[in-house]
$ cat structure33.cif   # mmCIF, C-alpha atoms and all ligand atoms
data_protein
#
loop_
_atom_site.label_atom_id
_atom_site.label_comp_id
_atom_site.auth_asym_id
_atom_site.auth_seq_id
_atom_site.Cartn_x
_atom_site.Cartn_y
_atom_site.Cartn_z
CA MET A 1 26.44 9.28 -16.17
CA HIS A 2 24.76 6.00 -15.29
CA ILE A 3 25.42 3.68 -18.23
CA GLY A 4 23.71 0.41 -19.17
CA ILE A 5 25.58 -2.26 -21.15
CA LEU A 6 24.25 -5.35 -22.93
CA THR A 7 25.59 -7.98 -25.31
CA GLY A 8 23.09 -9.49 -27.77
CA GLY A 9 22.95 -12.08 -30.56
CA GLY A 10 25.53 -14.84 -31.08
CA ASP A 11 28.52 -14.46 -28.77
CA CYS A 12 31.98 -13.81 -30.14
CA PRO A 13 35.53 -13.41 -28.86
CA GLY A 14 36.17 -9.82 -27.70
CA LEU A 15 32.83 -9.08 -25.98
CA ASN A 16 34.47 -9.02 -22.54
CA ALA A 17 37.31 -6.86 -23.83
CA ALA A 18 34.75 -4.29 -25.03
CA ILE A 19 32.85 -4.37 -21.69
CA ARG A 20 36.13 -3.93 -19.80
CA ALA A 21 37.20 -0.95 -21.92
CA ILE A 22 33.85 0.80 -21.44
CA ILE A 23 33.99 0.34 -17.65
CA ARG A 24 37.63 1.39 -17.35
CA LYS A 25 37.44 4.55 -19.45
CA GLY A 26 34.04 5.47 -17.98
CA THR A 27 35.23 4.99 -14.39
CA PHE A 28 38.70 6.54 -14.69
CA HIS A 29 37.89 9.48 -16.95
CA TYR A 30 34.22 10.33 -16.45
CA ASN A 31 33.30 8.98 -13.01
CA ASP A 32 30.48 6.96 -14.60
CA THR A 33 28.59 4.15 -12.92
CA PHE A 34 27.49 0.99 -14.76
CA VAL A 35 24.82 -1.65 -14.82
CA GLY A 36 24.77 -4.69 -17.10
CA PHE A 37 21.53 -6.07 -18.55
CA LEU A 38 21.70 -9.87 -18.62
CA GLU A 39 21.25 -11.97 -21.76
CA GLY A 40 20.87 -9.17 -24.27
CA TRP A 41 17.48 -7.58 -24.80
CA LYS A 42 15.93 -10.31 -22.62
CA GLY A 43 17.50 -8.70 -19.57
CA VAL A 44 16.10 -5.28 -20.51
CA LEU A 45 12.63 -6.74 -21.09
CA GLU A 46 12.66 -8.65 -17.80
CA ASN A 47 14.65 -6.03 -15.88
CA ARG A 48 17.40 -8.44 -14.91
CA THR A 49 20.56 -6.54 -14.14
CA GLN A 50 24.01 -6.84 -12.63
CA LYS A 51 26.03 -3.97 -11.17
CA LEU A 52 29.26 -3.52 -13.11
CA THR A 53 32.39 -2.12 -11.49
CA LEU A 54 36.14 -2.25 -12.04
CA GLU A 55 36.07 -5.45 -9.98
CA ASN A 56 33.83 -7.20 -12.55
CA ALA A 57 36.09 -6.02 -15.36
CA ARG A 58 39.25 -7.42 -13.79
CA GLY A 59 40.81 -10.32 -15.70
CA ILE A 60 38.13 -10.56 -18.39
CA LEU A 61 40.14 -9.15 -21.34
CA PRO A 62 41.28 -12.55 -22.70
CA VAL A 63 38.17 -14.48 -21.75
CA GLY A 64 35.79 -15.71 -24.50
CA GLY A 65 31.99 -15.46 -24.29
CA THR A 66 30.46 -12.58 -22.33
CA ILE A 67 30.15 -12.03 -18.58
CA LEU A 68 26.68 -10.54 -19.29
CA ARG A 69 25.61 -13.62 -21.27
CA THR A 70 23.54 -13.22 -24.42
CA SER A 71 20.37 -14.27 -26.25
CA ARG A 72 18.60 -13.76 -29.55
CA THR A 73 15.54 -12.20 -27.86
CA ASN A 74 13.73 -9.66 -30.02
CA PRO A 75 11.58 -7.26 -27.92
CA ALA A 76 9.87 -6.03 -31.10
CA LYS A 77 8.21 -9.47 -31.40
CA GLN A 78 6.09 -8.68 -28.33
CA SER A 79 3.31 -6.13 -28.65
CA ASP A 80 4.54 -3.92 -25.76
CA GLY A 81 8.16 -5.19 -25.81
CA LEU A 82 9.88 -1.99 -26.91
CA THR A 83 7.85 0.13 -24.47
CA ARG A 84 8.70 -2.25 -21.63
CA CYS A 85 12.37 -1.92 -22.52
CA ARG A 86 12.13 1.88 -22.46
CA LEU A 87 10.32 1.90 -19.11
CA ASN A 88 12.81 -0.53 -17.51
CA LEU A 89 15.70 1.60 -18.71
CA GLU A 90 14.03 4.65 -17.19
CA ALA A 91 13.35 2.77 -13.94
CA ASN A 92 17.07 1.98 -13.70
CA GLY A 93 17.96 5.66 -14.24
CA ILE A 94 19.96 4.84 -17.39
CA ASP A 95 21.44 7.94 -19.07
CA ALA A 96 22.91 5.96 -21.95
CA LEU A 97 22.64 2.35 -23.09
CA ILE A 98 25.55 0.75 -24.92
CA ALA A 99 24.33 -2.21 -26.99
CA ILE A 100 27.09 -4.51 -28.24
CA GLY A 101 25.82 -6.66 -31.07
CA GLY A 102 25.33 -7.42 -34.71
CA ASP A 103 22.62 -6.44 -37.13
CA ASP A 104 19.70 -7.85 -35.08
CA THR A 105 20.76 -6.33 -31.74
CA LEU A 106 21.55 -2.97 -33.31
CA GLY A 107 18.27 -3.03 -35.24
CA VAL A 108 16.43 -3.14 -31.89
CA ALA A 109 18.77 -0.40 -30.57
CA TYR A 110 17.74 1.81 -33.48
CA LYS A 111 14.03 1.18 -32.81
CA LEU A 112 14.51 2.18 -29.17
CA TYR A 113 16.44 5.29 -30.22
CA GLU A 114 13.43 6.28 -32.31
CA LEU A 115 11.34 5.91 -29.13
CA GLY A 116 13.62 8.37 -27.33
CA VAL A 117 16.19 6.04 -25.69
CA SER A 118 19.80 7.34 -25.60
CA VAL A 119 21.46 4.36 -27.19
CA ILE A 120 24.91 3.72 -28.68
CA GLY A 121 25.92 0.68 -30.73
CA VAL A 122 29.16 -1.33 -30.77
CA PRO A 123 29.67 -3.71 -33.74
CA LYS A 124 30.52 -7.37 -33.16
CA THR A 125 30.05 -10.57 -35.15
CA ILE A 126 32.38 -13.27 -36.35
CA ASP A 127 30.57 -13.07 -39.72
CA ASN A 128 31.97 -9.51 -40.27
CA ASP A 129 28.82 -8.65 -42.22
CA LEU A 130 27.70 -5.52 -40.40
CA ALA A 131 27.19 -2.47 -42.61
CA GLY A 132 29.12 0.74 -41.98
CA THR A 133 32.36 -0.59 -40.51
CA ASP A 134 35.42 -2.21 -42.04
CA TYR A 135 35.81 -4.84 -39.31
CA CYS A 136 33.70 -6.30 -36.52
CA PHE A 137 35.53 -7.82 -33.58
CA GLY A 138 35.32 -11.61 -33.39
CA PHE A 139 36.02 -11.98 -37.11
CA ASP A 140 39.81 -12.06 -36.87
CA THR A 141 39.72 -14.74 -34.17
CA ALA A 142 37.27 -16.86 -36.19
CA VAL A 143 39.47 -16.57 -39.29
CA GLY A 144 42.52 -17.62 -37.27
CA ILE A 145 40.73 -20.69 -35.90
CA ALA A 146 39.34 -21.69 -39.31
CA ALA A 147 42.68 -21.14 -41.09
CA GLU A 148 44.44 -23.30 -38.53
CA ALA A 149 41.83 -26.05 -38.99
CA ILE A 150 42.23 -25.90 -42.78
CA GLY A 151 46.00 -26.21 -42.35
CA ARG A 152 45.56 -29.31 -40.19
CA LEU A 153 43.12 -30.87 -42.65
CA HIS A 154 45.67 -30.33 -45.44
CA SER A 155 48.14 -32.79 -44.01
CA THR A 156 45.62 -35.56 -43.36
CA ALA A 157 43.97 -34.96 -46.76
CA GLU A 158 47.33 -35.29 -48.49
CA ALA A 159 48.28 -38.40 -46.50
CA HIS A 160 45.06 -40.18 -47.53
CA ASN A 161 44.49 -38.79 -51.05
CA ARG A 162 41.20 -37.34 -49.83
CA VAL A 163 39.06 -34.33 -50.50
CA PHE A 164 38.02 -32.36 -47.42
CA VAL A 165 35.08 -29.98 -47.50
CA VAL A 166 35.34 -27.52 -44.61
CA GLU A 167 32.10 -25.77 -43.65
CA VAL A 168 32.65 -22.43 -41.92
CA MET A 169 30.17 -19.90 -40.54
CA GLY A 170 28.85 -17.05 -42.66
CA ARG A 171 25.12 -16.83 -43.04
CA ASP A 172 24.83 -14.12 -45.68
CA ALA A 173 28.44 -13.23 -46.37
CA GLY A 174 31.56 -15.17 -47.23
CA TRP A 175 34.07 -13.16 -45.17
CA ILE A 176 35.23 -16.07 -43.01
CA ALA A 177 35.28 -18.49 -45.96
CA LEU A 178 37.30 -16.08 -48.12
CA TYR A 179 39.84 -14.99 -45.48
CA ALA A 180 40.30 -18.41 -43.86
CA GLY A 181 40.33 -20.11 -47.26
CA MET A 182 42.99 -17.70 -48.50
CA ALA A 183 45.07 -17.99 -45.34
CA GLY A 184 44.75 -21.78 -45.33
CA GLY A 185 45.45 -22.25 -49.05
CA ALA A 186 42.07 -23.76 -50.00
CA ASP A 187 41.73 -25.05 -53.57
CA VAL A 188 38.12 -23.88 -53.91
CA ILE A 189 36.18 -21.33 -51.83
CA LEU A 190 32.38 -21.21 -51.99
CA VAL A 191 30.56 -18.15 -50.63
CA PRO A 192 26.90 -17.06 -50.36
CA GLU A 193 27.52 -14.13 -52.72
CA GLU A 194 28.32 -16.38 -55.71
CA PRO A 195 26.06 -19.41 -56.23
CA PHE A 196 28.28 -22.28 -57.30
CA ASN A 197 28.18 -24.99 -59.91
CA ILE A 198 29.17 -28.39 -58.50
CA GLU A 199 30.57 -29.44 -61.90
CA THR A 200 33.09 -26.59 -61.75
CA VAL A 201 34.19 -27.72 -58.28
CA VAL A 202 34.53 -31.30 -59.52
CA ASN A 203 36.58 -30.13 -62.53
CA VAL A 204 39.02 -28.31 -60.24
CA ILE A 205 39.53 -31.44 -58.16
CA GLN A 206 39.96 -33.67 -61.19
CA SER A 207 42.43 -31.37 -62.88
CA ARG A 208 44.46 -31.27 -59.65
CA VAL A 209 44.60 -35.09 -59.76
CA LYS A 210 45.85 -34.90 -63.38
CA ARG A 211 48.59 -32.54 -62.18
CA GLY A 212 49.62 -35.03 -59.49
CA SER A 213 47.85 -33.49 -56.49
CA TYR A 214 45.65 -36.29 -55.20
CA PHE A 215 44.00 -34.28 -52.43
CA SER A 216 41.94 -31.08 -52.35
CA ILE A 217 40.50 -28.70 -49.80
CA VAL A 218 37.15 -27.01 -50.45
CA VAL A 219 36.02 -24.29 -48.04
CA VAL A 220 32.30 -23.59 -48.03
CA ALA A 221 30.40 -20.91 -46.10
CA GLU A 222 27.29 -22.24 -44.35
CA GLY A 223 25.14 -19.86 -46.42
CA ALA A 224 26.61 -20.86 -49.81
CA ARG A 225 24.17 -22.37 -52.27
CA PRO A 226 24.26 -24.09 -55.65
CA ALA A 227 23.30 -22.08 -58.74
CA ASP A 228 21.04 -24.97 -59.78
CA PRO A 229 17.50 -23.59 -59.28
CA VAL A 230 16.18 -26.85 -57.78
CA HIS A 231 18.73 -26.90 -54.95
CA GLY A 232 19.42 -23.20 -54.91
CA SER A 233 17.49 -22.11 -51.85
CA GLY A 234 20.22 -22.74 -49.24
CA ILE A 235 20.58 -25.69 -46.87
CA VAL A 236 19.00 -25.41 -43.42
CA ALA A 237 19.51 -27.66 -40.41
CA GLY A 238 15.92 -27.39 -39.19
CA ILE A 239 12.67 -25.60 -39.87
CA GLU A 240 12.58 -23.55 -36.66
CA ARG A 241 13.50 -19.88 -36.89
CA ASP A 242 14.88 -17.55 -34.23
CA GLU A 243 13.00 -14.41 -33.07
CA PHE A 244 14.61 -12.39 -35.85
CA GLY A 245 13.38 -14.86 -38.48
CA HIS A 246 16.70 -16.59 -39.20
CA ALA A 247 16.70 -20.29 -40.04
CA ARG A 248 19.47 -22.44 -38.52
CA LEU A 249 21.90 -23.09 -41.33
CA GLY A 250 24.04 -26.19 -41.68
CA GLY A 251 24.50 -29.15 -43.98
CA ILE A 252 25.90 -27.58 -47.13
CA GLY A 253 29.37 -29.05 -46.40
CA GLU A 254 27.99 -32.55 -46.16
CA GLN A 255 25.97 -32.09 -49.35
CA VAL A 256 28.92 -30.77 -51.34
CA ALA A 257 31.12 -33.60 -50.04
CA LEU A 258 28.50 -36.16 -51.08
CA GLU A 259 28.26 -34.75 -54.60
CA ILE A 260 32.05 -34.56 -55.01
CA GLY A 261 32.47 -38.15 -53.78
CA LYS A 262 29.73 -39.40 -56.11
CA ARG A 263 31.13 -37.67 -59.16
CA THR A 264 34.89 -38.15 -58.63
CA LYS A 265 34.91 -41.47 -56.74
CA ILE A 266 37.51 -39.88 -54.46
CA ASP A 267 37.08 -40.43 -50.70
CA THR A 268 35.54 -37.11 -49.67
CA ARG A 269 34.84 -36.00 -46.11
CA ALA A 270 33.08 -33.00 -44.62
CA THR A 271 34.25 -31.16 -41.48
CA VAL A 272 31.91 -28.61 -39.88
CA LEU A 273 33.83 -26.12 -37.74
CA GLY A 274 30.64 -24.69 -36.21
CA HIS A 275 30.80 -22.93 -32.86
CA ILE A 276 34.50 -23.67 -32.38
CA GLN A 277 34.93 -20.54 -34.50
CA ARG A 278 33.05 -18.48 -31.91
CA GLY A 279 34.56 -19.82 -28.72
CA GLY A 280 37.66 -19.13 -26.67
CA THR A 281 40.10 -16.31 -26.24
CA PRO A 282 40.13 -13.39 -28.74
CA SER A 283 43.13 -12.76 -30.99
CA ALA A 284 45.34 -9.76 -30.17
CA PHE A 285 43.75 -7.88 -33.09
CA ASP A 286 40.23 -8.50 -31.73
CA ARG A 287 41.27 -7.51 -28.21
CA VAL A 288 42.55 -4.20 -29.53
CA LEU A 289 39.57 -3.65 -31.83
CA ALA A 290 37.04 -4.41 -29.07
CA THR A 291 38.93 -2.14 -26.65
CA ARG A 292 39.03 0.73 -29.16
CA TYR A 293 35.30 0.31 -29.88
CA GLY A 294 34.56 0.29 -26.14
CA ILE A 295 36.55 3.50 -25.62
CA GLY A 296 34.84 5.02 -28.67
CA ALA A 297 31.39 4.16 -27.32
CA ILE A 298 31.90 5.73 -23.90
CA ASP A 299 33.37 8.88 -25.49
CA MET A 300 30.33 9.04 -27.79
CA ALA A 301 28.01 8.82 -24.76
CA HIS A 302 29.72 11.87 -23.25
CA ARG A 303 29.55 13.76 -26.53
CA GLY A 304 25.82 12.96 -26.73
CA GLU A 305 26.20 11.05 -30.00
CA PHE A 306 23.14 8.87 -29.46
CA GLY A 307 21.53 6.77 -32.15
CA CYS A 308 25.04 6.10 -33.48
CA MET A 309 27.48 3.18 -33.67
CA THR A 310 31.22 3.29 -33.25
CA ALA A 311 32.84 2.19 -36.52
CA LEU A 312 36.24 1.64 -38.11
CA ARG A 313 36.71 3.20 -41.52
CA ALA A 314 40.09 3.29 -43.25
CA ASN A 315 41.87 2.88 -39.89
CA ARG A 316 39.95 5.66 -38.16
CA PHE A 317 37.38 5.23 -35.40
CA ILE A 318 34.28 7.27 -36.12
CA ALA A 319 30.59 7.48 -35.13
CA ILE A 320 27.99 6.62 -37.77
CA PRO A 321 24.18 6.80 -37.50
CA LEU A 322 22.49 3.49 -36.63
CA CYS A 323 20.07 4.03 -39.51
CA GLU A 324 23.04 3.32 -41.82
CA VAL A 325 23.53 -0.04 -40.08
CA ALA A 326 20.10 -1.39 -39.11
CA GLY A 327 18.64 -3.91 -41.54
CA LYS A 328 21.64 -3.76 -43.87
CA ASN A 329 24.18 -6.43 -44.58
CA ARG A 330 27.75 -6.02 -45.75
CA THR A 331 28.51 -8.84 -48.12
CA LEU A 332 31.81 -9.29 -49.98
CA GLY A 333 32.50 -6.26 -52.15
CA LEU A 334 33.77 -6.09 -55.72
CA ASP A 335 37.43 -6.11 -54.60
CA GLU A 336 36.95 -9.21 -52.48
CA LEU A 337 34.99 -11.02 -55.18
CA GLU A 338 37.75 -10.21 -57.65
CA ALA A 339 40.30 -11.64 -55.23
CA LEU A 340 38.12 -14.73 -54.81
CA ARG A 341 37.88 -15.21 -58.57
CA GLY A 342 41.63 -14.72 -58.73
CA ILE A 343 42.37 -17.69 -56.48
CA ASN A 344 39.41 -19.94 -57.36
CA PRO A 345 40.41 -21.74 -60.58
O1 LIG A 401 26.72 -14.87 -34.99
C1 LIG A 401 26.67 -15.22 -36.35
C2 LIG A 401 26.58 -16.70 -36.46
O2 LIG A 401 27.78 -17.24 -35.96
C3 LIG A 401 26.28 -17.20 -37.88
O3 LIG A 401 27.38 -17.35 -38.69
C4 LIG A 401 25.57 -18.50 -37.62
O4 LIG A 401 24.71 -18.82 -38.69
C5 LIG A 401 24.81 -18.19 -36.39
O5 LIG A 401 25.52 -17.21 -35.69
C6 LIG A 401 24.59 -19.38 -35.49
O6 LIG A 401 23.83 -18.96 -34.41
P1 LIG A 401 23.39 -19.86 -33.19
O7 LIG A 401 24.61 -20.04 -32.33
O8 LIG A 401 22.35 -19.06 -32.50
O9 LIG A 401 22.90 -21.14 -33.76
#
$ encode --input "structure33.cif" --output "structure tokens"
Amino acid sequence: MHIGILTGGGDCPGLNAAIRAIIRKGTFHYNDTFVGFLEGWKGVLENRTQKLTLENARGILPVGGTILRTSRTNPAKQSDGLTRCRLNLEANGIDALIAIGGDDTLGVAYKLYELGVSVIGVPKTIDNDLAGTDYCFGFDTAVGIAAEAIGRLHSTAEAHNRVFVVEVMGRDAGWIALYAGMAGGADVILVPEEPFNIETVVNVIQSRVKRGSYFSIVVVAEGARPADPVHGSGIVAGIERDEFGHARLGGIGEQVALEIGKRTKIDTRATVLGHIQRGGTPSAFDRVLATRYGIGAIDMAHRGEFGCMTALRANRFIAIPLCEVAGKNRTLGLDELEALRGINP
């Protein structure tokens, strides 16, 4: 088969590991040939490609980012965009297209599948909020980075009797905030799923002071918002939106820190971890997960399981229809929210 590969949306650690696994299994076991489309759907729209061989895959397993580069281009925003994609795929003689991405990228994949393109999805995002799979690669690395940062902030917070508010990524779901907050021993964790009351946060900090702990760590997901209806619409960093309609989030950490400082009179600082969570080498877990997804995707292509995404459910790799993924978000479930309530005072 002649297979196309693309990586779309925000980058994350493990993309190169997935590309490498697809090329290796496809070359060694099926005699496939490969072409990469550059910068996600942009490369398909503009027919910008790169031949992919075992040579390109050499040494990329531990490397962050993506050798194919990425973008948030949405072909469906252009009147003939999806048709142009289909025609360019045909012109390149593509038998199957493997799209590695999150909800936005796989939403476009599903639209193209409905237009007759033989497409297969691979789930990635540090936010871990893709429907249908237990874990997306990139998430474990991001949690490791954030947990380490929280640990480091602990010692300086304690030394100075300060409160640190750590803003982590997580647009619609609090997976990174919950896992990194748990692993790093945060005193309060604020997630998009549960609008928060600043008074409750302040009470936690003040009662810690009464117990002799003069410092606190608050972890807040970028998409968290106050329950207060006036300020409850979420904090955005700018008014511009990307081609999928997402606003750029950012600023909730600073706002929470300001409120805490005002109300407690304790020196309170905000730290925004931002894209540090997305950069650099993948964890061993993400390398394995991305590799298994890559192997799963190429096997699916040869079984003709198009319009599907490789997924991990209860430790088993399976294929699920893209219609179960596209346009859906996986926020924290009841179990996770119960765990969150268990550790949040
Ligand atoms: O990929 C998901 C994500 O990391 C979100 O958590 C975050 O809101 C967004 O990407 C940031 O995207 P960009 O790098 O395009 O600003």
$ closest_residue --input "structure33.cif" --among "A:Gln255, A:Thr7, A:Thr291, A:Asn315" --to "ligand LIG 401 (chain A)" --atoms "all atoms listed in the file"
A:Thr7
$ residues_around --input "structure33.cif" --residues "Thr105 (chain A)" --least-positions-apart "5" --cutoff "9 Å" --atoms "all atoms listed in the file" --output "list in words"
Thr7, Gly8, Gly9, Gly40, Trp41, Arg72, Thr73, Asn74, Ala99, Ile100, Tyr110, Gly121 and Ala326 of chain A
$ closest_residue --input "structure33.cif" --among "A:Val35, A:Leu61, A:Val119, A:Ala319" --to "Phe306 (chain A)" --atoms "all atoms listed in the file"
A:Val119
$ atom_distance --input "structure33.cif" --atom1 "CA of Gly223 (chain A)" --atom2 "atom O9 of ligand LIG 401 (chain A)"
12.9 Å
$ residues_around --input "structure33.cif" --residues "Asn197 (chain A)" --least-positions-apart "2" --cutoff "10 Å" --atoms "only C-alpha atoms" --output "ChimeraX atom specification"
/A:190,194-195,199-202,225-228
$ build_atoms --input "structure33.cif" --residues "region 1-25 of chain A" --atoms "N, CA and C atoms" --output "CSV table (one decimal), keeping the file's coordinate frame"
chain,number,residue,atom,x,y,z
A,1,MET,N,27.6,9.9,-15.5
A,1,MET,CA,26.4,9.3,-16.2
A,1,MET,C,26.3,7.9,-15.6
A,2,HIS,N,25.0,7.4,-15.6
A,2,HIS,CA,24.8,6.0,-15.3
A,2,HIS,C,24.5,5.3,-16.6
A,3,ILE,N,25.4,4.3,-16.9
A,3,ILE,CA,25.4,3.7,-18.2
A,3,ILE,C,25.0,2.2,-18.1
A,4,GLY,N,24.1,1.8,-19.0
A,4,GLY,CA,23.7,0.4,-19.2
A,4,GLY,C,24.5,-0.2,-20.3
A,5,ILE,N,24.8,-1.5,-20.1
A,5,ILE,CA,25.6,-2.3,-21.2
A,5,ILE,C,24.9,-3.6,-21.4
A,6,LEU,N,24.8,-4.0,-22.6
A,6,LEU,CA,24.2,-5.4,-22.9
A,6,LEU,C,25.0,-5.9,-24.1
A,7,THR,N,25.0,-7.3,-24.1
A,7,THR,CA,25.6,-8.0,-25.3
A,7,THR,C,24.5,-8.9,-25.9
A,8,GLY,N,24.2,-8.7,-27.2
A,8,GLY,CA,23.1,-9.5,-27.8
A,8,GLY,C,23.5,-10.3,-29.0
A,9,GLY,N,22.7,-11.3,-29.4
A,9,GLY,CA,23.0,-12.1,-30.6
A,9,GLY,C,24.0,-13.2,-30.3
A,10,GLY,N,24.5,-13.8,-31.3
A,10,GLY,CA,25.5,-14.8,-31.1
A,10,GLY,C,26.7,-14.3,-30.4
A,11,ASP,N,27.3,-15.0,-29.5
A,11,ASP,CA,28.5,-14.5,-28.8
A,11,ASP,C,29.7,-14.4,-29.7
A,12,CYS,N,30.8,-13.8,-29.3
A,12,CYS,CA,32.0,-13.8,-30.1
A,12,CYS,C,33.2,-13.4,-29.3
A,13,PRO,N,34.4,-13.8,-29.6
A,13,PRO,CA,35.5,-13.4,-28.9
A,13,PRO,C,35.7,-11.9,-28.9
A,14,GLY,N,36.0,-11.3,-27.8
A,14,GLY,CA,36.2,-9.8,-27.7
A,14,GLY,C,35.1,-9.1,-26.9
A,15,LEU,N,33.9,-9.8,-26.7
A,15,LEU,CA,32.8,-9.1,-26.0
A,15,LEU,C,33.3,-8.6,-24.6
A,16,ASN,N,34.0,-9.4,-23.9
A,16,ASN,CA,34.5,-9.0,-22.5
A,16,ASN,C,35.5,-7.9,-22.6
A,17,ALA,N,36.3,-7.9,-23.7
A,17,ALA,CA,37.3,-6.9,-23.8
A,17,ALA,C,36.6,-5.5,-24.0
A,18,ALA,N,35.5,-5.5,-24.8
A,18,ALA,CA,34.8,-4.3,-25.0
A,18,ALA,C,34.1,-3.8,-23.7
A,19,ILE,N,33.5,-4.7,-23.0
A,19,ILE,CA,32.8,-4.4,-21.7
A,19,ILE,C,33.9,-3.8,-20.8
A,20,ARG,N,35.1,-4.4,-20.7
A,20,ARG,CA,36.1,-3.9,-19.8
A,20,ARG,C,36.6,-2.5,-20.2
A,21,ALA,N,36.7,-2.3,-21.5
A,21,ALA,CA,37.2,-1.0,-21.9
A,21,ALA,C,36.2,0.1,-21.6
A,22,ILE,N,34.9,-0.2,-21.8
A,22,ILE,CA,33.8,0.8,-21.4
A,22,ILE,C,33.9,1.2,-19.9
A,23,ILE,N,34.0,0.1,-19.1
A,23,ILE,CA,34.0,0.3,-17.6
A,23,ILE,C,35.2,1.1,-17.2
A,24,ARG,N,36.4,0.7,-17.8
A,24,ARG,CA,37.6,1.4,-17.4
A,24,ARG,C,37.7,2.9,-17.8
A,25,LYS,N,37.4,3.1,-19.0
A,25,LYS,CA,37.4,4.6,-19.4
A,25,LYS,C,36.4,5.3,-18.7
